[in-house]
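To be precise, the following lines are model_22.tsv, and they hold TSV, C-alpha atoms.
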chain	number	residue	atom	x	y	z
A	1	MET	CA	-43.65	-74.57	-17.08
A	2	GLN	CA	-45.25	-71.72	-15.13
A	3	ASP	CA	-48.55	-73.60	-15.00
A	4	LEU	CA	-46.84	-76.61	-13.44
A	5	GLU	CA	-44.97	-74.41	-10.98
A	6	LYS	CA	-48.27	-72.75	-10.08
A	7	LEU	CA	-49.88	-76.17	-9.63
A	8	GLY	CA	-47.01	-77.30	-7.41
A	9	ARG	CA	-47.29	-74.18	-5.26
A	10	SER	CA	-51.04	-74.59	-4.93
A	11	LEU	CA	-50.64	-78.23	-3.86
A	12	PHE	CA	-47.99	-77.40	-1.26
A	13	ASP	CA	-49.95	-74.36	-0.04
A	14	GLY	CA	-53.22	-76.29	0.07
A	15	PRO	CA	-54.80	-78.19	2.92
A	16	ARG	CA	-52.54	-81.21	2.40
A	17	GLY	CA	-49.36	-79.21	1.90
A	18	GLY	CA	-47.86	-80.33	5.20
A	19	GLU	CA	-48.46	-83.97	4.34
A	20	LEU	CA	-46.92	-83.45	0.88
A	21	ARG	CA	-43.84	-81.83	2.40
A	22	LYS	CA	-43.50	-84.74	4.80
A	23	ILE	CA	-43.67	-87.22	1.91
A	24	ALA	CA	-41.23	-85.21	-0.21
A	25	SER	CA	-38.72	-85.06	2.65
A	26	SER	CA	-39.10	-88.76	3.52
A	27	ALA	CA	-36.26	-91.21	2.93
A	28	GLU	CA	-37.99	-92.37	-0.26
A	29	GLY	CA	-38.46	-88.81	-1.47
A	30	ARG	CA	-34.82	-87.90	-0.89
A	31	ALA	CA	-33.58	-91.11	-2.52
A	32	LEU	CA	-35.76	-90.53	-5.55
A	33	GLU	CA	-34.63	-86.92	-5.83
A	34	GLN	CA	-31.03	-88.17	-6.07
A	35	LYS	CA	-31.97	-90.49	-8.94
A	36	LEU	CA	-33.89	-87.94	-11.00
A	37	ASP	CA	-32.18	-85.59	-13.41
A	38	SER	CA	-33.98	-82.33	-12.70
A	39	GLU	CA	-32.78	-80.84	-15.99
A	40	GLN	CA	-34.39	-83.68	-17.96
A	41	VAL	CA	-37.63	-83.27	-16.05
A	42	ALA	CA	-37.63	-79.48	-16.53
A	43	GLU	CA	-36.90	-79.80	-20.25
A	44	ALA	CA	-39.67	-82.36	-20.77
A	45	VAL	CA	-42.13	-80.11	-18.95
A	46	ARG	CA	-40.96	-76.96	-20.73
A	47	SER	CA	-41.23	-78.56	-24.16
A	48	GLY	CA	-44.53	-80.28	-23.38
A	49	ASP	CA	-42.99	-83.61	-24.40
A	50	ALA	CA	-45.66	-85.96	-23.08
A	51	ALA	CA	-43.80	-89.08	-24.21
A	52	ARG	CA	-40.66	-88.00	-22.35
A	53	MET	CA	-42.67	-87.10	-19.23
A	54	LYS	CA	-44.35	-90.51	-19.38
A	55	ALA	CA	-40.97	-92.24	-19.71
A	56	LEU	CA	-39.63	-90.30	-16.72
A	57	LEU	CA	-42.68	-91.20	-14.65
A	58	GLN	CA	-42.35	-94.85	-15.62
A	59	SER	CA	-38.68	-94.80	-14.60
A	60	VAL	CA	-39.71	-93.34	-11.22
A	61	LEU	CA	-42.46	-95.90	-10.70
A	62	SER	CA	-40.08	-98.73	-11.57
A	63	THR	CA	-38.08	-98.01	-8.41
A	64	GLU	CA	-38.94	-99.14	-4.91
A	65	GLU	CA	-38.84	-95.53	-3.72
A	66	GLY	CA	-41.11	-94.36	-6.53
A	67	ARG	CA	-43.69	-97.02	-5.81
A	68	ALA	CA	-43.61	-96.20	-2.09
A	69	LEU	CA	-44.14	-92.49	-2.81
A	70	ALA	CA	-46.93	-93.22	-5.28
A	71	GLU	CA	-48.67	-95.32	-2.64
A	72	LYS	CA	-48.37	-92.53	-0.05
A	73	LEU	CA	-49.72	-89.97	-2.53
A	74	SER	CA	-52.55	-92.30	-3.43
A	75	LYS	CA	-53.55	-92.50	0.22
A	76	LEU	CA	-53.75	-88.69	0.26
A	77	GLY	CA	-56.15	-88.82	-2.66
A	78	LEU	CA	-53.77	-87.08	-5.07
Could I get this file's structure written as structure tokens?
Amino acid sequence: MQDLEKLGRSLFDGPRGGELRKIASSAEGRALEQKLDSEQVAEAVRSGDAARMKALLQSVLSTEEGRALAEKLSKLGL
């Protein structure tokens, strides 16, 4: 979990951090945040459960908001 937190910090502190913050605080980002169960995400990451993480990602990408965010991130080259 600490490695992922470190990765997240380095992404937000990096050269594209402002753009990432803008995407995260967008309407799509806020809507998606409401749909995600942060405890499930944290547990999957903590336990290293790749299948669960994949299922969570697929559930995100199956939403209109998730696809919109993925497209924005793709344009950033992330």
Determine, counting only C-alpha atoms, which protein, DNA and RNA residues have an atom within 10 Å of an atom of A:Ile23; residues of the same chain fewer than 5 positions away are not included. Present the result as number ranges by chain.
A: 17-18, 28-30, 68-70, 72-73
With all atoms listed in the file counted, which protein, DNA or RNA residues have an atom no more than 12 Å from (-38.8, -81.5, -12.4) in the file frame? Please answer as a ChimeraX atom specification.
/A:1,4-5,8,32-33,35-46,53,56-57,60
I'd like the box whose edges run along x, y and z of the file and which contains every listed atom of stretch 12-20 of chain A, padded by 3 Å per side; could you state its centre and edge lengths in Å, one decimal, as AutoDock Vina command-line options?
--center_x -50.9 --center_y -79.2 --center_z 2.0 --size_x 13.9 --size_y 15.6 --size_z 12.5
Expressed in Å, the length from atom CA of A:Gly77 to atom CA of A:Ser59 is 22.0 Å
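Taking all atoms listed in the file into account, A:Asp3 lies nearest to A:Gly48 out of the set A:Glu19, A:Ala24, A:Gly48, A:Ser62.
Considering only C-alpha atoms, the residue among A:Pro15, A:Ser10, A:Leu20, A:Ala50 positioned nearest to A:Ser74 is A:Leu20.
Rounded to one decimal, atom CA of A:Arg67 and atom CA of A:Ala31 lie 12.2 Å from each other.
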